[in-house]
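Here is the structure we will look at.
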Amino acid sequence: MTDTKALLRSMFETAINAARPGIVLPPALPPRPPTGRVVVIAVGKAAAAMAAAVEMVWGPCEGLALTRYGHGVPTQSIEVVEAAHPVPDKAGQDAARRILALAESLGAGDTLLFLISGGASALLSAPLSTITLDEKAALTHALLASGATITEMNSVRRHLSSVKGGRLAAAAHPARCLSFAISDVPGDRPEVIGSGPSVPDPTTQADARAVLAKYDIPAPPSITSVLADPFFETPKHDDPRLAHGQFKLIATPQMMLAAAQAAAPLPCHLLGDAIEGEAREVGRAFGGLARAVKEGKSAFMAPCILLSGGETTVTLPPKADGKTVGRGGRNVEFLMGLAGEIAGVEGIFALAGDTDGIDGAADVAGAYADWTTLERARTTGYPLGAAMAAYDGHGLFERLDDRIVTGPTHTNVNDFRAILIQS
């Protein structure tokens, strides 16, 4: 089992390395900065590393990088600010206002170089109108616990922000806006990555209201009034302020999975890079597939590795006091669902982790599970069923010594899942 763990961990590290900013960003940049004033704005969990990568090519630059606490790296002159994720805080709000002011200070002939990565939606928090930061944070909590997809969540976020949904690029007009993105969302849609501060928004206020209604999420009057007032609608594709923007993907979930697939020592099958759904149910489905492969009832033949990516969700039930349970993330939820399906089927091993090094709100990337996880959990006195009822995947895998801790990876191309099936 130790060798199997090492193999799966090596594939995970290969996937992460394929998306590191220092590897993927320099080849995409012009060899020299554009003429005129250039301001570099970077937002997301990879922001500081992306800013440092720009300065590797262009030398010291004017700008600001906003990243999660603990995810900063040294830069030559670009200022690095750290703030909270996944629920916004005042540090993120203050930095967002400074970023908006920097964009507004640009003129004709100038360039805004915008670098975006996963986590930007929470970090870059500058609520519209009379919406307070506390109200925005409470709504974020509710959305995270609701089971809403990242696409749905970011539709709401765009319509409550003074900087998302194309508003950053609009603020920089008439300057040119060049965007480079590391995608962490299923489908790699520019408006969903970080809620699209530099691109037009194809969704409407009605779409945002529909998300809140779908998940029965109450909103205070300040939010409902903004979502009902056409004045606050986001810029669309025909907005002249966005006409000269350019957007380029430099790293995607598909790219990182392809790198891991190429490094696999066994036949390796990619099942998709945009898989969504309730995490534990996806885990059960994948566990069933692994059993079928092991039993010779699948088109895939053992030995092999099954790879997948995407962003599942975890719907937390409310507690009596209105708070929610849970000390886990979607990757450990996936593994708990899978572990129940593969229990006792010798020779099935799995790893699931978030490429940013953080699964949920914990500083743990993910975990390992295998055909013995169910029984080993029982012997620790913390059965799998109890951990699942408590949404406590991190607690369970900590007891089993099966957690994966990478620390900040300074990139984010969503989840990595690998299932190894021996013959």
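Ligands are numbered from 1 in the order shown, chains are lettered A, B, ... in the order of the structure tokens, and residues start at 1 in each chain.
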task: Write out as a ChimeraX atom specification which residues come within 8 Å of Glu62 of chain A when counting only C-alpha atoms, dropping same-chain ones fewer than 2 positions away.
output: /A:38-40,60,64,77-78
Write out, as a PDB file, in the first residue's frame, the residues just selected, with N, CA and C atoms.
ATOM      1  N   VAL A  38       1.893  50.561 -17.335  1.00  0.00           N
ATOM      2  CA  VAL A  38       1.398  49.193 -17.171  1.00  0.00           C
ATOM      3  C   VAL A  38       1.167  48.942 -15.680  1.00  0.00           C
ATOM      4  N   VAL A  39      -0.032  48.539 -15.348  1.00  0.00           N
ATOM      5  CA  VAL A  39      -0.369  48.174 -13.974  1.00  0.00           C
ATOM      6  C   VAL A  39      -0.734  46.695 -13.952  1.00  0.00           C
ATOM      7  N   VAL A  40      -0.091  45.950 -13.052  1.00  0.00           N
ATOM      8  CA  VAL A  40      -0.350  44.524 -12.908  1.00  0.00           C
ATOM      9  C   VAL A  40      -1.267  44.304 -11.714  1.00  0.00           C
ATOM     10  N   PRO A  60      10.845  44.611 -12.399  1.00  0.00           N
ATOM     11  CA  PRO A  60       9.936  45.247 -11.446  1.00  0.00           C
ATOM     12  C   PRO A  60       8.757  45.926 -12.140  1.00  0.00           C
ATOM     13  N   LEU A  64      -0.543  45.313  -7.762  1.00  0.00           N
ATOM     14  CA  LEU A  64      -0.983  44.737  -6.497  1.00  0.00           C
ATOM     15  C   LEU A  64      -1.476  43.322  -6.742  1.00  0.00           C
ATOM     16  N   SER A  77       8.582  44.254  -6.927  1.00  0.00           N
ATOM     17  CA  SER A  77       7.990  45.542  -6.561  1.00  0.00           C
ATOM     18  C   SER A  77       6.473  45.503  -6.475  1.00  0.00           C
ATOM     19  N   ILE A  78       5.834  44.501  -7.031  1.00  0.00           N
ATOM     20  CA  ILE A  78       4.381  44.390  -6.935  1.00  0.00           C
ATOM     21  C   ILE A  78       4.011  44.091  -5.486  1.00  0.00           C
TER      22      ILE A  78
END
message: I'd like to know which residues of segment 259-415 of chain A are strand (DSSP E or B) (by DSSP, run on the backbone); could you write them as a ChimeraX atom specification?
response: /A:268-270,275,278,304-310,313,318,324,348-354,359,362,366-370,403-404,415
- request: Show which residues sit within 7 Å of segment 237-247 of chain A, as a VMD selection string. Count only C-alpha atoms, and ignore same-chain residues fewer than 3 positions away.
  value: chain A and resid 169 to 170 173 to 174 176 to 180 200
Store the residues picked out above in a file with N, CA, C and O atoms, as a short mmCIF file (atom, residue, chain, number, x, y, z; two decimals), in the first residue's frame.
data_model
loop_
_atom_site.label_atom_id
_atom_site.label_comp_id
_atom_site.auth_asym_id
_atom_site.auth_seq_id
_atom_site.Cartn_x
_atom_site.Cartn_y
_atom_site.Cartn_z
N ALA A 169 -12.59 45.74 -15.84
CA ALA A 169 -12.16 46.18 -17.17
C ALA A 169 -12.88 47.47 -17.57
O ALA A 169 -12.28 48.36 -18.18
N ALA A 170 -14.15 47.57 -17.21
CA ALA A 170 -14.90 48.80 -17.53
C ALA A 170 -14.30 49.99 -16.80
O ALA A 170 -14.21 51.10 -17.36
N HIS A 173 -11.21 51.32 -18.65
CA HIS A 173 -11.41 51.96 -19.96
C HIS A 173 -11.04 53.44 -19.88
O HIS A 173 -11.35 54.10 -18.89
N PRO A 174 -10.33 53.99 -20.89
CA PRO A 174 -10.02 53.45 -22.23
C PRO A 174 -8.70 52.67 -22.32
O PRO A 174 -8.22 52.40 -23.41
N ARG A 176 -6.17 49.49 -22.30
CA ARG A 176 -6.29 48.12 -22.77
C ARG A 176 -6.23 47.17 -21.58
O ARG A 176 -5.51 47.42 -20.62
N CYS A 177 -6.99 46.07 -21.65
CA CYS A 177 -6.99 45.09 -20.57
C CYS A 177 -6.58 43.74 -21.13
O CYS A 177 -7.26 43.15 -21.98
N LEU A 178 -5.43 43.23 -20.65
CA LEU A 178 -4.95 41.91 -21.03
C LEU A 178 -5.11 40.97 -19.84
O LEU A 178 -4.58 41.24 -18.76
N SER A 179 -5.86 39.88 -20.02
CA SER A 179 -6.13 38.95 -18.92
C SER A 179 -5.50 37.59 -19.19
O SER A 179 -5.62 37.05 -20.30
N PHE A 180 -4.85 37.04 -18.17
CA PHE A 180 -4.32 35.69 -18.22
C PHE A 180 -4.90 34.92 -17.04
O PHE A 180 -4.85 35.40 -15.90
N PRO A 200 -17.21 40.27 -20.21
CA PRO A 200 -18.66 40.51 -20.15
C PRO A 200 -19.38 39.40 -19.39
O PRO A 200 -18.94 38.25 -19.36
#
task: Within 12 Å of Glu13 of chain A, counting only C-alpha atoms, which residues show up once you throw out same-chain ones fewer than 6 positions away? Write them as an MDAnalysis selection string, please.
output: chainID A and resid 6:7 19:20 256:257 259:260 263 351:357 365 404:406 409 411 416
Serialized selection, N, CA, C and O atoms, as a PDB file, in the first residue's frame:
ATOM      1  N   ALA A   6       2.600   6.241  -2.750  1.00  0.00           N
ATOM      2  CA  ALA A   6       3.665   7.048  -3.346  1.00  0.00           C
ATOM      3  C   ALA A   6       3.383   7.315  -4.823  1.00  0.00           C
ATOM      4  O   ALA A   6       3.623   8.424  -5.322  1.00  0.00           O
ATOM      5  N   LEU A   7       2.877   6.317  -5.521  1.00  0.00           N
ATOM      6  CA  LEU A   7       2.567   6.486  -6.935  1.00  0.00           C
ATOM      7  C   LEU A   7       1.453   7.507  -7.130  1.00  0.00           C
ATOM      8  O   LEU A   7       1.574   8.432  -7.953  1.00  0.00           O
ATOM      9  N   ALA A  19       0.739  23.125 -13.621  1.00  0.00           N
ATOM     10  CA  ALA A  19      -0.049  24.359 -13.605  1.00  0.00           C
ATOM     11  C   ALA A  19       0.597  25.466 -12.781  1.00  0.00           C
ATOM     12  O   ALA A  19      -0.057  26.459 -12.463  1.00  0.00           O
ATOM     13  N   ARG A  20       1.849  25.320 -12.440  1.00  0.00           N
ATOM     14  CA  ARG A  20       2.511  26.362 -11.641  1.00  0.00           C
ATOM     15  C   ARG A  20       2.726  27.620 -12.487  1.00  0.00           C
ATOM     16  O   ARG A  20       3.171  27.546 -13.635  1.00  0.00           O
ATOM     17  N   MET A 256      -3.759  19.805 -16.499  1.00  0.00           N
ATOM     18  CA  MET A 256      -3.071  19.149 -15.377  1.00  0.00           C
ATOM     19  C   MET A 256      -3.367  17.657 -15.364  1.00  0.00           C
ATOM     20  O   MET A 256      -2.490  16.837 -15.040  1.00  0.00           O
ATOM     21  N   LEU A 257      -4.584  17.268 -15.749  1.00  0.00           N
ATOM     22  CA  LEU A 257      -4.909  15.845 -15.806  1.00  0.00           C
ATOM     23  C   LEU A 257      -4.136  15.153 -16.923  1.00  0.00           C
ATOM     24  O   LEU A 257      -3.679  14.019 -16.766  1.00  0.00           O
ATOM     25  N   ALA A 259      -1.196  15.960 -17.959  1.00  0.00           N
ATOM     26  CA  ALA A 259       0.182  15.786 -17.497  1.00  0.00           C
ATOM     27  C   ALA A 259       0.300  14.560 -16.596  1.00  0.00           C
ATOM     28  O   ALA A 259       1.250  13.773 -16.707  1.00  0.00           O
ATOM     29  N   ALA A 260      -0.669  14.377 -15.695  1.00  0.00           N
ATOM     30  CA  ALA A 260      -0.641  13.204 -14.828  1.00  0.00           C
ATOM     31  C   ALA A 260      -0.844  11.924 -15.633  1.00  0.00           C
ATOM     32  O   ALA A 260      -0.188  10.908 -15.369  1.00  0.00           O
ATOM     33  N   ALA A 263       2.252  10.729 -17.252  1.00  0.00           N
ATOM     34  CA  ALA A 263       3.260  10.214 -16.323  1.00  0.00           C
ATOM     35  C   ALA A 263       2.862   8.880 -15.689  1.00  0.00           C
ATOM     36  O   ALA A 263       3.655   8.294 -14.947  1.00  0.00           O
ATOM     37  N   LEU A 351      -6.857   8.489  -4.467  1.00  0.00           N
ATOM     38  CA  LEU A 351      -6.414   9.775  -3.919  1.00  0.00           C
ATOM     39  C   LEU A 351      -7.329  10.841  -4.485  1.00  0.00           C
ATOM     40  O   LEU A 351      -7.652  10.819  -5.675  1.00  0.00           O
ATOM     41  N   ALA A 352      -7.736  11.769  -3.645  1.00  0.00           N
ATOM     42  CA  ALA A 352      -8.497  12.936  -4.103  1.00  0.00           C
ATOM     43  C   ALA A 352      -7.971  14.157  -3.372  1.00  0.00           C
ATOM     44  O   ALA A 352      -7.817  14.134  -2.146  1.00  0.00           O
ATOM     45  N   GLY A 353      -7.671  15.206  -4.115  1.00  0.00           N
ATOM     46  CA  GLY A 353      -7.130  16.404  -3.496  1.00  0.00           C
ATOM     47  C   GLY A 353      -7.394  17.632  -4.319  1.00  0.00           C
ATOM     48  O   GLY A 353      -7.605  17.557  -5.536  1.00  0.00           O
ATOM     49  N   ASP A 354      -7.396  18.770  -3.650  1.00  0.00           N
ATOM     50  CA  ASP A 354      -7.542  20.050  -4.339  1.00  0.00           C
ATOM     51  C   ASP A 354      -6.150  20.566  -4.677  1.00  0.00           C
ATOM     52  O   ASP A 354      -5.262  20.599  -3.821  1.00  0.00           O
ATOM     53  N   THR A 355      -5.965  20.968  -5.920  1.00  0.00           N
ATOM     54  CA  THR A 355      -4.642  21.368  -6.390  1.00  0.00           C
ATOM     55  C   THR A 355      -4.121  22.648  -5.760  1.00  0.00           C
ATOM     56  O   THR A 355      -2.957  22.988  -5.932  1.00  0.00           O
ATOM     57  N   ASP A 356      -4.976  23.380  -5.019  1.00  0.00           N
ATOM     58  CA  ASP A 356      -4.472  24.566  -4.312  1.00  0.00           C
ATOM     59  C   ASP A 356      -3.945  24.219  -2.927  1.00  0.00           C
ATOM     60  O   ASP A 356      -3.406  25.074  -2.232  1.00  0.00           O
ATOM     61  N   GLY A 357      -4.102  22.960  -2.524  1.00  0.00           N
ATOM     62  CA  GLY A 357      -3.632  22.541  -1.214  1.00  0.00           C
ATOM     63  C   GLY A 357      -4.649  22.702  -0.106  1.00  0.00           C
ATOM     64  O   GLY A 357      -4.337  22.450   1.061  1.00  0.00           O
ATOM     65  N   ALA A 365      -4.889  19.208   1.710  1.00  0.00           N
ATOM     66  CA  ALA A 365      -5.237  19.122   0.292  1.00  0.00           C
ATOM     67  C   ALA A 365      -6.293  18.063   0.018  1.00  0.00           C
ATOM     68  O   ALA A 365      -7.146  18.222  -0.858  1.00  0.00           O
ATOM     69  N   ILE A 404      -3.498  14.213   3.109  1.00  0.00           N
ATOM     70  CA  ILE A 404      -2.454  14.744   2.230  1.00  0.00           C
ATOM     71  C   ILE A 404      -2.304  16.224   2.542  1.00  0.00           C
ATOM     72  O   ILE A 404      -3.253  17.004   2.361  1.00  0.00           O
ATOM     73  N   VAL A 405      -1.151  16.598   3.011  1.00  0.00           N
ATOM     74  CA  VAL A 405      -0.867  17.997   3.347  1.00  0.00           C
ATOM     75  C   VAL A 405       0.265  18.484   2.445  1.00  0.00           C
ATOM     76  O   VAL A 405       1.389  17.980   2.535  1.00  0.00           O
ATOM     77  N   THR A 406      -0.016  19.438   1.594  1.00  0.00           N
ATOM     78  CA  THR A 406       0.985  19.968   0.666  1.00  0.00           C
ATOM     79  C   THR A 406       1.445  21.367   1.058  1.00  0.00           C
ATOM     80  O   THR A 406       2.494  21.814   0.616  1.00  0.00           O
ATOM     81  N   THR A 409       0.109  25.615  -2.710  1.00  0.00           N
ATOM     82  CA  THR A 409       0.773  25.211  -3.948  1.00  0.00           C
ATOM     83  C   THR A 409       0.983  26.390  -4.889  1.00  0.00           C
ATOM     84  O   THR A 409       1.696  26.265  -5.876  1.00  0.00           O
ATOM     85  N   THR A 411      -1.053  27.579  -6.976  1.00  0.00           N
ATOM     86  CA  THR A 411      -1.822  27.435  -8.210  1.00  0.00           C
ATOM     87  C   THR A 411      -3.186  26.897  -7.821  1.00  0.00           C
ATOM     88  O   THR A 411      -3.454  26.642  -6.635  1.00  0.00           O
ATOM     89  N   PHE A 416      -8.302  16.983  -8.196  1.00  0.00           N
ATOM     90  CA  PHE A 416      -7.607  15.870  -8.850  1.00  0.00           C
ATOM     91  C   PHE A 416      -8.046  14.594  -8.160  1.00  0.00           C
ATOM     92  O   PHE A 416      -7.955  14.470  -6.934  1.00  0.00           O
TER      93      PHE A 416
END
message: Could you pull out the helix (DSSP H, G or I) residues of segment 17-206 of chain A, going by DSSP on the backbone, and write them as a ChimeraX atom specification?
response: /A:17,21-24,26-28,47-58,90-104,120-123,133-146,150-158,167-172,193-195,205-206
message: Taking 2 positions as the minimum chain separation for residues in the same chain, which residues sit within 6 Å of Ser125 of chain A when counting only C-alpha atoms? Answer as a ChimeraX atom specification.
response: /A:92-93,96,123
field: Pick from A:Ala51, A:Leu8, A:Ala95, A:Leu307, whichever lies nearest to Gln76 of chain A using only C-alpha atoms
entry: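 Ranking A:Ala51, A:Leu8, A:Ala95, A:Leu307 by distance to Gln76 of chain A, first place goes to A:Ala51.
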- request: Tell me which protein, DNA and RNA residues are within 9 Å of Ala350 of chain A, counting only C-alpha atoms, leaving out same-chain ones fewer than 6 positions away, and put them as a list in words.
  value: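 Non-adjacent residues within range: Lys5, Leu8, Leu335, Leu338, Ala339, Ala367, Tyr368, Ala369, Asp370, Arg417, Ala418, Ile419, Leu420 and Ile421 of chain A.
For the pair atom CA of Pro30 of chain A and atom CA of Cys61 of chain A, the separation is 14.3 Å.
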field: Nearest candidate to Asp273 of chain A (options A:Val185, A:Met56, A:Ile305, A:Val211; using only C-alpha atoms)
entry: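 Selected residue with least distance to Asp273 of chain A: A:Val185.
The spacing separating atom CA of Thr75 of chain A from atom CA of Arg157 of chain A amounts to 29.5 Å.
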His85 of chain A surroundings by only C-alpha atoms, 7 Å radius, close-in-sequence under 6 positions cut, as a PyMOL selection string: chain A and resi 68+119+122-123
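Note that the spacing between atom CA of Ala48 of chain A and atom CA of Gly166 of chain A amounts to 21.9 Å.
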message: For a quick check of understanding, using only C-alpha atoms, which of A:Val345, A:Ala138, A:Leu160, A:Leu271 has the smallest distance to Gly288 of chain A?
response: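 Counting only C-alpha atoms, the residue closest to Gly288 of chain A is A:Val345.
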message: Restricting the calculation to only C-alpha atoms: of A:Leu102, A:Ala274, A:Ile348, A:Ala145, which residue gets closest to Ser423 of chain A?
response: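 Ranked by minimum distance to Ser423 of chain A, first place goes to A:Ile348.
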